[in-house]
file coords-v7.cif (mmCIF, C-alpha atoms)
data_protein
#
loop_
_atom_site.label_atom_id
_atom_site.label_comp_id
_atom_site.auth_asym_id
_atom_site.auth_seq_id
_atom_site.Cartn_x
_atom_site.Cartn_y
_atom_site.Cartn_z
CA MET A 76 34.04 -0.64 17.71
CA SER A 77 32.58 2.51 19.29
CA ILE A 78 28.82 2.13 19.43
CA ASN A 79 26.69 5.13 20.34
CA TYR A 80 23.35 4.36 18.72
CA VAL A 81 22.69 0.80 19.88
CA GLN A 82 21.65 -0.75 23.20
CA ASP A 83 22.43 -4.21 24.54
CA MET A 84 19.31 -5.56 26.32
CA THR A 85 20.91 -8.84 27.40
CA GLU A 86 22.18 -7.25 30.62
CA GLY A 87 20.62 -5.00 33.26
CA ASN A 88 17.26 -4.49 35.01
CA GLU A 89 14.43 -5.82 32.84
CA VAL A 90 11.78 -3.27 33.86
CA LYS A 91 14.14 -0.34 33.45
CA LEU A 92 15.19 -1.54 30.00
CA LEU A 93 11.63 -2.21 28.84
CA ILE A 94 10.29 1.14 30.05
CA GLY A 95 13.35 3.03 28.82
CA PHE A 96 13.00 1.47 25.37
CA SER A 97 9.22 1.85 25.32
CA LEU A 98 8.99 5.53 26.20
CA PRO A 99 10.58 6.91 22.99
CA MET A 100 8.54 4.37 21.04
CA LEU A 101 5.38 5.44 22.85
CA ILE A 102 6.01 9.09 22.07
CA GLY A 103 6.78 8.14 18.46
CA ASN A 104 3.66 6.01 18.14
CA ILE A 105 1.54 8.78 19.60
CA PHE A 106 2.97 11.19 17.05
CA GLN A 107 2.25 8.64 14.32
CA GLN A 108 -1.32 8.32 15.54
CA PHE A 109 -1.36 12.10 15.72
CA TYR A 110 -1.29 11.99 11.92
CA ASN A 111 -4.55 10.07 11.99
CA LEU A 112 -6.04 12.28 14.69
CA ILE A 113 -5.21 15.47 12.80
CA ASP A 114 -6.60 13.99 9.59
CA SER A 115 -9.79 12.94 11.37
CA ILE A 116 -10.29 16.21 13.23
CA ILE A 117 -9.67 18.43 10.21
CA VAL A 118 -11.74 16.29 7.86
CA GLY A 119 -14.54 15.71 10.39
CA LYS A 120 -14.77 19.32 11.56
CA TYR A 121 -14.11 21.22 8.33
CA VAL A 122 -15.20 18.87 5.54
CA GLY A 123 -17.93 16.86 7.26
CA ALA A 124 -18.92 13.56 8.83
CA ASN A 125 -19.26 11.90 5.40
CA ALA A 126 -15.67 12.82 4.56
CA LEU A 127 -14.54 11.37 7.90
CA ALA A 128 -16.48 8.20 7.11
CA ALA A 129 -14.79 8.05 3.68
CA VAL A 130 -11.36 8.12 5.32
CA GLY A 131 -12.39 5.52 7.90
CA ALA A 132 -13.82 3.18 5.27
CA THR A 133 -10.31 2.71 3.83
CA ALA A 134 -8.50 1.99 7.10
CA SER A 135 -8.76 -1.80 7.01
CA LEU A 136 -7.80 -1.92 3.32
CA ASN A 137 -4.77 0.27 3.92
CA PHE A 138 -3.73 -2.05 6.71
CA LEU A 139 -4.26 -5.10 4.50
CA ALA A 140 -2.14 -3.64 1.70
CA PHE A 141 0.63 -2.66 4.07
CA SER A 142 0.62 -5.93 6.02
CA ILE A 143 3.05 -7.67 3.66
CA CYS A 144 5.64 -4.89 3.99
CA LEU A 145 5.09 -4.67 7.74
CA GLY A 146 5.46 -8.42 8.22
CA LEU A 147 8.72 -8.52 6.29
CA SER A 148 10.00 -5.51 8.26
CA ILE A 149 9.24 -7.34 11.50
CA GLY A 150 10.95 -10.46 10.15
CA ILE A 151 14.16 -8.65 9.30
CA GLY A 152 14.07 -6.85 12.66
CA ILE A 153 13.85 -10.17 14.51
CA ILE A 154 16.79 -11.55 12.56
CA ILE A 155 18.89 -8.46 13.28
CA SER A 156 18.04 -8.45 17.00
CA GLN A 157 19.08 -12.10 17.36
CA TYR A 158 22.31 -11.58 15.42
CA PHE A 159 23.01 -8.53 17.56
CA GLY A 160 22.38 -10.46 20.79
CA ALA A 161 24.76 -13.17 19.56
CA LYS A 162 27.42 -10.50 18.77
CA LYS A 163 27.49 -11.40 15.04
CA GLU A 164 28.26 -7.94 13.64
CA GLU A 165 28.92 -8.95 10.03
CA ASP A 166 25.62 -10.83 9.83
CA VAL A 167 23.83 -7.76 11.22
CA LYS A 168 25.25 -5.63 8.41
CA SER A 169 24.36 -8.17 5.73
CA ALA A 170 20.81 -8.37 7.10
CA ILE A 171 20.46 -4.57 6.94
CA ALA A 172 21.54 -4.50 3.29
CA ASN A 173 19.20 -7.32 2.31
CA ALA A 174 16.33 -5.63 4.12
CA VAL A 175 16.53 -2.83 1.53
CA TYR A 176 15.92 -5.27 -1.33
CA VAL A 177 13.07 -7.06 0.39
CA ILE A 178 11.18 -3.93 1.45
CA ALA A 179 11.65 -2.05 -1.82
CA VAL A 180 10.25 -4.87 -3.96
CA SER A 181 7.35 -5.71 -1.65
CA GLY A 182 6.42 -2.04 -1.22
CA LEU A 183 6.26 -1.36 -4.93
CA ILE A 184 4.20 -4.47 -5.66
CA MET A 185 1.62 -3.79 -2.94
CA SER A 186 1.35 -0.14 -3.93
CA LEU A 187 0.54 -1.04 -7.53
CA VAL A 188 -1.97 -3.76 -6.62
CA THR A 189 -3.88 -1.55 -4.18
CA CYS A 190 -4.11 1.37 -6.58
CA LEU A 191 -5.55 -0.84 -9.32
CA LEU A 192 -8.08 -2.65 -7.11
CA ALA A 193 -9.25 0.25 -4.91
CA GLN A 194 -12.62 0.83 -6.60
CA PRO A 195 -13.85 -2.78 -6.96
CA ILE A 196 -12.81 -3.75 -3.42
CA LEU A 197 -14.54 -0.75 -1.84
CA GLU A 198 -17.68 -1.57 -3.83
CA LEU A 199 -17.49 -5.18 -2.65
CA MET A 200 -17.33 -3.89 0.93
CA ARG A 201 -20.68 -2.15 0.42
CA THR A 202 -19.15 1.28 0.99
CA PRO A 203 -22.09 3.76 1.08
CA PRO A 204 -22.58 5.58 -2.27
CA GLU A 205 -22.33 8.95 -0.52
CA ILE A 206 -18.69 8.35 0.43
CA ILE A 207 -17.27 5.88 -2.11
CA ASP A 208 -15.72 8.48 -4.45
CA ASP A 209 -13.76 10.09 -1.63
CA SER A 210 -12.84 6.65 -0.25
CA VAL A 211 -11.35 5.57 -3.59
CA LYS A 212 -9.45 8.82 -3.92
CA PHE A 213 -8.02 8.59 -0.41
CA LEU A 214 -7.03 4.92 -0.78
CA ARG A 215 -5.28 5.42 -4.11
CA ILE A 216 -3.21 8.33 -2.86
CA THR A 217 -2.14 6.64 0.39
CA SER A 218 -1.38 3.32 -1.30
CA GLY A 219 0.52 5.15 -4.03
CA GLY A 220 2.82 6.47 -1.32
CA MET A 221 3.12 3.12 0.43
CA ILE A 222 6.82 2.81 -0.36
CA ALA A 223 7.48 5.83 1.87
CA VAL A 224 5.56 4.29 4.77
CA ALA A 225 7.25 0.92 4.21
CA ALA A 226 10.69 2.55 4.11
CA TYR A 227 10.18 4.40 7.39
CA ASN A 228 8.82 1.35 9.21
CA ALA A 229 11.66 -0.82 7.88
CA ILE A 230 14.45 1.53 8.97
CA ALA A 231 12.73 2.17 12.29
CA GLY A 232 12.40 -1.58 12.85
CA ILE A 233 16.09 -2.12 12.15
CA LEU A 234 17.16 0.64 14.53
CA ARG A 235 14.87 -0.69 17.26
CA ALA A 236 16.27 -4.20 16.77
CA LEU A 237 19.66 -2.66 17.60
CA GLY A 238 18.18 -1.06 20.71
CA ASP A 239 17.78 2.47 19.30
CA SER A 240 14.22 3.69 19.80
CA ARG A 241 15.17 7.38 19.90
CA THR A 242 16.23 8.10 16.31
CA PRO A 243 12.88 7.08 14.75
CA LEU A 244 11.16 9.32 17.30
CA LEU A 245 13.13 12.41 16.31
CA PHE A 246 12.12 12.18 12.67
CA LEU A 247 8.52 11.34 13.48
CA ILE A 248 8.29 14.55 15.50
CA LEU A 249 9.68 16.49 12.55
CA SER A 250 7.35 14.87 10.05
CA CYS A 251 4.37 15.36 12.38
CA GLY A 252 4.90 19.11 12.25
CA VAL A 253 5.10 18.93 8.47
CA ASN A 254 1.91 16.85 8.37
CA VAL A 255 -0.06 19.35 10.44
CA GLY A 256 1.12 22.25 8.31
CA LEU A 257 0.29 20.49 5.04
CA ASP A 258 -3.11 19.40 6.36
CA LEU A 259 -4.03 22.99 7.14
CA LEU A 260 -2.67 24.19 3.81
CA PHE A 261 -4.21 21.51 1.56
CA VAL A 262 -7.59 21.17 3.29
CA LEU A 263 -8.39 24.55 4.84
CA LYS A 264 -6.70 26.90 2.37
CA PHE A 265 -6.78 25.00 -0.94
CA GLY A 266 -9.94 22.98 -0.26
CA PHE A 267 -8.51 19.65 -1.46
CA GLY A 268 -10.69 17.64 0.97
CA VAL A 269 -9.73 14.04 1.67
CA ALA A 270 -7.16 14.12 -1.14
CA GLY A 271 -5.33 16.89 0.70
CA THR A 272 -5.10 15.00 3.96
CA ALA A 273 -3.91 11.86 2.13
CA CYS A 274 -1.15 13.82 0.37
CA ALA A 275 -0.10 15.44 3.64
CA THR A 276 0.29 12.03 5.31
CA VAL A 277 2.31 10.54 2.45
CA ILE A 278 4.66 13.53 2.17
CA SER A 279 5.31 13.66 5.90
CA GLN A 280 6.04 9.92 6.04
CA ALA A 281 8.49 10.29 3.16
CA ILE A 282 10.32 13.01 5.10
CA ALA A 283 10.49 10.74 8.18
CA ALA A 284 11.90 7.87 6.09
CA LEU A 285 14.53 9.94 4.29
CA GLY A 286 15.63 11.70 7.45
CA CYS A 287 15.87 8.48 9.45
CA ILE A 288 17.85 6.68 6.75
CA THR A 289 20.29 9.58 6.26
CA PHE A 290 20.89 9.92 9.99
CA ALA A 291 21.47 6.18 10.42
CA LEU A 292 23.95 6.07 7.54
CA THR A 293 26.02 8.85 9.06
CA THR A 294 25.92 7.91 12.76
CA ASN A 295 25.19 4.22 13.33
CA PRO A 296 28.24 1.97 12.92
CA TYR A 297 26.13 -0.97 11.76
CA PHE A 298 25.09 1.06 8.71
CA LYS A 299 28.71 1.47 7.60
CA LEU A 300 28.31 -1.15 4.91
CA LYS A 301 31.01 -2.49 2.62
CA LYS A 302 30.66 -4.10 -0.77
CA GLU A 303 30.57 -7.60 0.67
CA HIS A 304 27.62 -6.66 2.89
CA MET A 305 25.63 -5.47 -0.13
CA ARG A 306 25.63 -8.88 -1.79
CA ILE A 307 22.31 -10.68 -1.90
CA SER A 308 22.29 -13.25 0.89
CA TRP A 309 19.72 -15.92 0.17
CA PRO A 310 20.07 -17.51 3.64
CA ILE A 311 19.22 -14.15 5.25
CA ILE A 312 16.39 -13.46 2.81
CA LYS A 313 15.07 -16.98 3.44
CA LYS A 314 15.03 -16.30 7.19
CA CYS A 315 13.37 -12.96 6.58
CA PHE A 316 10.55 -14.69 4.70
CA LYS A 317 10.44 -17.57 7.20
CA ILE A 318 9.51 -15.11 9.95
CA GLY A 319 8.11 -12.26 7.88
CA ILE A 320 5.59 -14.16 5.75
CA PRO A 321 3.76 -15.73 8.71
CA VAL A 322 3.68 -12.31 10.40
CA ALA A 323 2.49 -10.75 7.14
CA LEU A 324 -0.20 -13.42 6.81
CA GLN A 325 -1.18 -12.78 10.41
CA ASN A 326 -1.52 -9.07 9.64
CA SER A 327 -3.35 -9.87 6.41
CA MET A 328 -5.82 -12.10 8.23
CA ILE A 329 -6.34 -9.42 10.87
CA ALA A 330 -6.86 -6.89 8.09
CA ILE A 331 -9.31 -9.21 6.32
CA SER A 332 -11.22 -9.60 9.56
CA LEU A 333 -11.31 -5.81 9.88
CA VAL A 334 -12.56 -5.55 6.29
CA ALA A 335 -15.34 -8.01 7.17
CA LEU A 336 -16.20 -5.97 10.26
CA GLN A 337 -16.10 -2.75 8.24
CA ARG A 338 -18.59 -4.30 5.84
CA VAL A 339 -20.94 -4.93 8.77
CA VAL A 340 -20.43 -1.35 9.95
CA ASN A 341 -21.20 0.01 6.48
CA GLY A 342 -24.53 -1.79 6.56
CA PHE A 343 -25.62 0.38 9.52
CA GLY A 344 -25.20 3.65 7.56
CA GLU A 345 -22.93 6.69 7.58
CA VAL A 346 -23.55 7.64 11.25
CA ALA A 347 -22.29 4.25 12.38
CA VAL A 348 -19.35 4.46 9.96
CA ALA A 349 -18.35 7.88 11.31
CA ALA A 350 -18.68 6.69 14.93
CA TYR A 351 -16.70 3.53 14.19
CA THR A 352 -13.99 5.59 12.48
CA ALA A 353 -13.68 7.89 15.50
CA THR A 354 -13.70 5.06 18.07
CA SER A 355 -11.11 3.19 16.01
CA ARG A 356 -8.86 6.24 16.24
CA VAL A 357 -9.37 6.28 20.00
CA GLU A 358 -8.58 2.57 20.25
CA GLN A 359 -5.43 3.07 18.20
CA LEU A 360 -4.33 5.79 20.60
CA ILE A 361 -5.18 3.72 23.68
CA GLY A 362 -3.26 0.82 22.17
CA GLN A 363 -0.03 2.78 21.71
CA PRO A 364 1.42 2.05 25.19
CA TYR A 365 0.71 -1.65 24.57
CA ASN A 366 2.18 -1.44 21.09
CA SER A 367 5.32 0.26 22.39
CA LEU A 368 5.76 -2.26 25.18
CA GLY A 369 5.17 -5.10 22.70
CA ALA A 370 7.89 -3.74 20.41
CA ALA A 371 10.23 -3.45 23.40
CA MET A 372 9.43 -7.06 24.31
CA ALA A 373 10.22 -8.17 20.74
CA THR A 374 13.67 -6.54 20.80
CA PHE A 375 14.29 -7.75 24.36
CA SER A 376 13.21 -11.28 23.45
CA GLY A 377 15.17 -11.32 20.19
CA GLN A 378 18.44 -10.13 21.69
CA ASN A 379 18.20 -12.48 24.67
CA MET A 380 17.23 -15.43 22.47
CA GLY A 381 20.34 -14.70 20.40
CA ALA A 382 22.39 -14.66 23.61
CA GLY A 383 20.73 -17.88 24.81
CA LYS A 384 19.17 -16.27 27.93
CA LEU A 385 15.73 -17.90 28.04
CA GLU A 386 15.09 -17.28 31.74
CA ARG A 387 15.69 -13.57 31.20
CA VAL A 388 13.02 -13.60 28.46
CA ARG A 389 10.53 -15.16 30.90
CA LYS A 390 11.31 -12.60 33.60
CA GLY A 391 10.84 -9.74 31.17
CA TYR A 392 7.48 -11.12 30.05
CA HIS A 393 6.13 -11.51 33.59
CA LYS A 394 7.12 -7.97 34.48
CA GLY A 395 5.55 -6.77 31.24
CA ILE A 396 2.19 -8.21 32.36
CA ILE A 397 2.31 -6.08 35.51
CA ILE A 398 2.96 -2.95 33.45
CA VAL A 399 0.03 -3.82 31.16
CA ALA A 400 -2.32 -4.25 34.12
CA ILE A 401 -1.50 -0.76 35.42
CA LEU A 402 -1.90 0.86 31.99
CA SER A 403 -5.21 -0.93 31.41
CA LEU A 404 -6.74 0.35 34.62
CA VAL A 405 -5.88 3.96 33.74
CA ALA A 406 -7.25 3.59 30.20
CA LEU A 407 -10.44 1.93 31.44
CA LEU A 408 -11.22 4.82 33.79
CA ALA A 409 -10.54 7.40 31.07
CA ALA A 410 -12.84 5.62 28.60
CA GLN A 411 -15.67 5.04 31.07
CA PHE A 412 -15.84 8.62 32.34
CA GLY A 413 -14.54 10.66 29.38
CA GLY A 414 -16.26 9.12 26.36
CA TYR A 415 -18.38 12.12 25.36
CA ALA A 416 -15.49 14.57 25.69
CA ILE A 417 -13.25 12.30 23.62
CA MET A 418 -15.79 11.87 20.82
CA SER A 419 -16.46 15.62 20.72
CA ILE A 420 -12.88 16.14 19.60
CA PHE A 421 -13.62 14.38 16.31
CA VAL A 422 -17.07 15.46 15.17
CA LYS A 423 -19.85 17.96 15.86
CA GLU A 424 -22.84 15.72 15.01
CA SER A 425 -24.57 14.73 18.27
CA ALA A 426 -25.76 11.36 16.91
CA VAL A 427 -22.19 10.31 16.12
CA ILE A 428 -20.90 11.55 19.50
CA ASP A 429 -23.61 9.70 21.44
CA LEU A 430 -23.08 6.42 19.60
CA GLY A 431 -19.30 6.57 19.84
CA ALA A 432 -19.23 7.49 23.56
CA LYS A 433 -21.34 4.47 24.46
CA ALA A 434 -19.29 2.24 22.17
CA ILE A 435 -16.03 3.17 23.90
CA LYS A 436 -17.46 1.99 27.20
CA ILE A 437 -18.02 -1.46 25.69
CA THR A 438 -14.53 -2.00 24.25
CA SER A 439 -12.67 -0.49 27.22
CA CYS A 440 -13.67 -3.47 29.37
CA MET A 441 -11.26 -5.59 27.33
CA TYR A 442 -8.23 -3.26 27.27
CA PHE A 443 -6.24 -5.63 29.52
CA ALA A 444 -6.78 -8.44 26.99
CA LEU A 445 -5.55 -6.14 24.22
CA GLY A 446 -2.39 -5.39 26.20
CA LEU A 447 -1.73 -9.08 26.78
CA ILE A 448 -1.96 -9.70 23.03
CA TYR A 449 0.72 -7.09 22.31
CA ILE A 450 3.31 -8.21 24.86
CA THR A 451 2.81 -11.93 24.21
CA ARG A 452 3.07 -11.30 20.48
CA GLY A 453 6.28 -9.35 21.10
CA VAL A 454 7.88 -12.17 23.08
CA LEU A 455 6.90 -14.92 20.64
CA ASN A 456 7.74 -12.96 17.49
CA GLY A 457 11.09 -11.91 18.96
CA ALA A 458 11.84 -15.53 19.78
CA GLY A 459 11.18 -16.50 16.15
CA ASP A 460 7.97 -18.48 16.73
CA ALA A 461 6.55 -18.05 13.24
CA PHE A 462 3.67 -20.50 13.68
CA TYR A 463 2.24 -18.39 16.50
CA SER A 464 1.60 -15.62 13.99
CA MET A 465 -0.65 -17.93 12.01
CA ILE A 466 -2.56 -18.92 15.16
CA ASN A 467 -3.02 -15.27 16.10
CA GLY A 468 -4.31 -14.38 12.63
CA PHE A 469 -6.77 -17.27 12.45
CA VAL A 470 -8.23 -16.50 15.87
CA GLU A 471 -8.80 -12.84 14.97
CA VAL A 472 -10.49 -13.79 11.69
CA ILE A 473 -12.75 -16.32 13.41
CA GLY A 474 -13.56 -13.83 16.14
CA ARG A 475 -14.36 -10.79 14.02
CA VAL A 476 -16.19 -12.64 11.27
CA GLY A 477 -18.05 -15.00 13.59
CA PHE A 478 -19.05 -12.53 16.29
CA SER A 479 -19.96 -9.71 13.89
CA THR A 480 -22.08 -11.97 11.70
CA GLY A 481 -23.88 -13.66 14.57
CA LEU A 482 -24.42 -10.66 16.83
CA ALA A 483 -25.56 -8.37 14.02
CA MET A 484 -28.44 -10.76 13.34
CA ILE A 485 -29.82 -10.28 16.86
CA PRO A 486 -32.22 -7.28 16.74
CA ALA A 487 -31.68 -6.41 20.40
CA ILE A 488 -27.95 -5.97 19.79
CA GLY A 489 -27.96 -4.38 16.34
CA VAL A 490 -25.26 -1.76 15.81
CA TRP A 491 -23.64 -2.56 19.18
CA SER A 492 -22.51 -5.85 17.64
CA VAL A 493 -19.67 -3.89 16.02
CA TRP A 494 -18.01 -2.96 19.31
CA ALA A 495 -19.00 -6.15 21.14
CA THR A 496 -17.20 -8.02 18.36
CA THR A 497 -14.04 -5.97 18.92
CA GLY A 498 -13.95 -6.67 22.65
CA LEU A 499 -14.75 -10.37 22.37
CA THR A 500 -12.14 -10.83 19.66
CA TRP A 501 -9.48 -9.29 21.88
CA GLY A 502 -10.51 -11.67 24.64
CA ILE A 503 -10.22 -14.93 22.70
CA THR A 504 -7.01 -13.79 20.97
CA ALA A 505 -5.39 -13.03 24.34
CA ILE A 506 -6.34 -16.50 25.60
CA ALA A 507 -4.88 -18.17 22.48
CA SER A 508 -1.66 -16.14 22.81
CA ILE A 509 -1.12 -17.10 26.44
CA ILE A 510 -1.76 -20.77 25.67
CA ARG A 511 0.90 -20.64 22.95
CA TYR A 512 3.38 -19.02 25.33
CA LYS A 513 2.69 -21.61 28.03
CA GLN A 514 3.35 -24.45 25.56
CA GLY A 515 7.01 -23.32 25.53
CA LYS A 516 7.69 -24.10 21.87
CA TRP A 517 9.15 -20.61 21.40
CA GLU A 518 12.12 -21.64 23.55
CA HIS A 519 13.56 -23.64 20.64
CA LYS A 520 12.97 -21.19 17.76
CA SER A 521 16.20 -19.15 17.81
CA LEU A 522 17.38 -18.34 14.27
CA VAL A 523 20.94 -17.90 15.51
CA ALA A 524 20.89 -21.36 17.10
CA ALA A 525 19.82 -22.69 13.69
CA ASP A 526 22.95 -21.07 12.22
CA ASN A 527 25.17 -22.70 14.79
CA ASN A 528 23.46 -26.09 14.37
CA PRO A 529 22.66 -26.52 10.68
#
call {"tool": "encode", "arguments": {"input": "coords-v7.cif", "output": "structure tokens"}}
result
Amino acid sequence: MSINYVQDMTEGNEVKLLIGFSLPMLIGNIFQQFYNLIDSIIVGKYVGANALAAVGATASLNFLAFSICLGLSIGIGIIISQYFGAKKEEDVKSAIANAVYVIAVSGLIMSLVTCLLAQPILELMRTPPEIIDDSVKFLRITSGGMIAVAAYNAIAGILRALGDSRTPLLFLILSCGVNVGLDLLFVLKFGFGVAGTACATVISQAIAALGCITFALTTNPYFKLKKEHMRISWPIIKKCFKIGIPVALQNSMIAISLVALQRVVNGFGEVAVAAYTATSRVEQLIGQPYNSLGAAMATFSGQNMGAGKLERVRKGYHKGIIIVAILSLVALLAAQFGGYAIMSIFVKESAVIDLGAKAIKITSCMYFALGLIYITRGVLNGAGDAFYSMINGFVEVIGRVGFSTGLAMIPAIGVWSVWATTGLTWGITAIASIIRYKQGKWEHKSLVAADNNP
């Protein structure tokens, strides 16, 4: 079989493979965050700080709604990477076909639920009256297009599991250009406000999904499916849920913790909401190198677990820590000395800029902990350690809910409790992740080994 769009990560220099895989993912993730940046800049500069706050108030809910689809996508990607590492080509193809069924059903269900519950949930979160109408509108449009986002992330996850991090990048770049153009058209020319930026994001994601799927079907040999591959495989679907549901619950718990934190933010008024929205965008951007490296670690771990190369997984993880340390130092310096300039990109209001610039200095002290979370999560998820996902989710819930509730009650801390909570939560989650890795239970979680030893 001639394979041009896959990469075997069970052989070769670990650092070279991880960086080579991460770079296209990093560029792709930056472009994906560029959607959010463009939305925030256009809305904040040309519609107003309240409109920016309305968009930000929906972020945690959007993440919560999408967490089920994302978790299942990660689950199927882990299965495919392990089958690929074990050289089980027919199982890879069956897993790809069954991924379509899983993602389509979950995406449609979550889209419907979120659209119906948007208004009551935002009210429960104490969303300020000045922004709730725009928040509901934005959430309903983005959740209505959730199937497009789920489809892109699913196909991208499959391709990355096969070692191809370039193809998703190409279509993200294309869709990013479309997103910018539609943002300018819908918001600046037609005056659609937050509805315009929501529509632009959904349409551009749909283009990325369709383009990526079409390209994969015509070029990647693992997408050359036959009738027998299209049959529903309950063993594969069961494995998908075995890994995907804990990851989805982890993401859901993280999202719930973010909803709880957003509720605390909302209680401090629209200036705090706007500052928190902008700093969250900055944190998302800072986190992209970690996210990319974590995804590389997941594919690396999955393929090598499938091949039975545990020592190679350990070596890759240790080298990943060194990369994270270097990235964290650079990001820390940028945040400490460039906070005001960064915040000025998003808004014009001096109160929001001042608050956000000081807030970035607080969270940047824990960037190394954030990086450790991503790469440890990548290794353990790739290995098939489903229970770790539950641990990770519980720790983040306890951290965000506990710290935000307690610190907000201390008058001397006040609004700074929001960003102190973020940093402290990263810290305790990193510690819990490393403890789980050190326990070594991930070494016996290979899904392929379970196939060979029923």
call {"tool": "resolve_selection", "arguments": {"input": "coords-v7.cif", "expression": "the PyMOL selection byres ((chain A and resi 238-242) around 8)", "output": "list in words"}}
result
Tyr80, Val81, Gln82, Asp83, Met84, Phe96, Ser97, Pro99, Met100, Ala231, Leu234, Arg235, Ala236, Leu237, Pro243, Leu244, Leu245, Phe246, Cys287 and Thr374 of chain A
call {"tool": "closest_residue", "arguments": {"input": "coords-v7.cif", "among": "A:Gly271, A:Ile105, A:Thr504, A:Ala458", "to": "Gly383 (chain A)", "atoms": "only C-alpha atoms"}}
result
A:Ala458
call {"tool": "atom_distance", "arguments": {"input": "coords-v7.cif", "atom1": "CA of Gly219 (chain A)", "atom2": "CA of Leu191 (chain A)"}}
result
10.0 Å
call {"tool": "closest_residue", "arguments": {"input": "coords-v7.cif", "among": "A:Ile94, A:Leu336, A:Ile184, A:Ala353", "to": "Met200 (chain A)", "atoms": "all atoms listed in the file"}}
result
A:Leu336
call {"tool": "atom_distance", "arguments": {"input": "coords-v7.cif", "atom1": "CA of Glu518 (chain A)", "atom2": "CA of Ala505 (chain A)"}}
result
19.5 Å
call {"tool": "closest_residue", "arguments": {"input": "coords-v7.cif", "among": "A:Gly103, A:Leu455, A:Tyr297, A:Ile216", "to": "Gln514 (chain A)", "atoms": "all atoms listed in the file"}}
result
A:Leu455
call {"tool": "resolve_selection", "arguments": {"input": "coords-v7.cif", "expression": "the PyMOL selection byres ((chain A and resi 335) around 9)", "output": "ChimeraX atom specification"}}
result
/A:200,330-334,336-340,472,475-476,479
call {"tool": "resolve_selection", "arguments": {"input": "coords-v7.cif", "expression": "the PyMOL selection byres ((chain A and resi 256) around 12)", "output": "mmCIF file with C-alpha atoms, keeping the file's coordinate frame"}}
result
data_model
loop_
_atom_site.group_PDB
_atom_site.id
_atom_site.type_symbol
_atom_site.label_atom_id
_atom_site.label_comp_id
_atom_site.auth_asym_id
_atom_site.auth_seq_id
_atom_site.Cartn_x
_atom_site.Cartn_y
_atom_site.Cartn_z
ATOM 1 C CA TYR A 110 -1.290 11.990 11.920
ATOM 2 C CA ILE A 113 -5.210 15.470 12.800
ATOM 3 C CA ASP A 114 -6.600 13.990 9.590
ATOM 4 C CA ILE A 117 -9.670 18.430 10.210
ATOM 5 C CA LEU A 249 9.680 16.490 12.550
ATOM 6 C CA SER A 250 7.350 14.870 10.050
ATOM 7 C CA CYS A 251 4.370 15.360 12.380
ATOM 8 C CA GLY A 252 4.900 19.110 12.250
ATOM 9 C CA VAL A 253 5.100 18.930 8.470
ATOM 10 C CA ASN A 254 1.910 16.850 8.370
ATOM 11 C CA VAL A 255 -0.060 19.350 10.440
ATOM 12 C CA LEU A 257 0.290 20.490 5.040
ATOM 13 C CA ASP A 258 -3.110 19.400 6.360
ATOM 14 C CA LEU A 259 -4.030 22.990 7.140
ATOM 15 C CA LEU A 260 -2.670 24.190 3.810
ATOM 16 C CA PHE A 261 -4.210 21.510 1.560
ATOM 17 C CA VAL A 262 -7.590 21.170 3.290
ATOM 18 C CA LEU A 263 -8.390 24.550 4.840
ATOM 19 C CA LYS A 264 -6.700 26.900 2.370
ATOM 20 C CA GLY A 271 -5.330 16.890 0.700
ATOM 21 C CA THR A 272 -5.100 15.000 3.960
ATOM 22 C CA CYS A 274 -1.150 13.820 0.370
ATOM 23 C CA ALA A 275 -0.100 15.440 3.640
ATOM 24 C CA THR A 276 0.290 12.030 5.310
ATOM 25 C CA ILE A 278 4.660 13.530 2.170
ATOM 26 C CA SER A 279 5.310 13.660 5.900
#
call {"tool": "atom_distance", "arguments": {"input": "coords-v7.cif", "atom1": "CA of Phe443 (chain A)", "atom2": "CA of Ser403 (chain A)"}}
result
5.2 Å
call {"tool": "residues_around", "arguments": {"input": "coords-v7.cif", "residues": "Ala129 (chain A)", "least_positions_apart": "2", "cutoff": "6 Å", "atoms": "all atoms listed in the file", "output": "MDAnalysis selection string"}}
result
chainID A and resid 126:127 131:132 206 209:210
call {"tool": "closest_residue", "arguments": {"input": "coords-v7.cif", "among": "A:Trp309, A:Tyr158, A:Phe478, A:Phe421", "to": "Lys120 (chain A)", "atoms": "all atoms listed in the file"}}
result
A:Phe421
call {"tool": "closest_atom_pairs", "arguments": {"input": "coords-v7.cif", "of": "region 361-432 of chain A", "to": "region 347-350 of chain A", "cutoff": "8 Å", "atoms": "all atoms listed in the file", "output": "Markdown table"}}
result
| residue | atom | partner | partner_atom | distance |
| --- | --- | --- | --- | --- |
| A:Val427 | CA | A:Ala350 | CA | 5.2 |
| A:Ile428 | CA | A:Ala350 | CA | 7.0 |
| A:Leu430 | CA | A:Ala350 | CA | 6.4 |
| A:Gly431 | CA | A:Ala350 | CA | 5.0 |
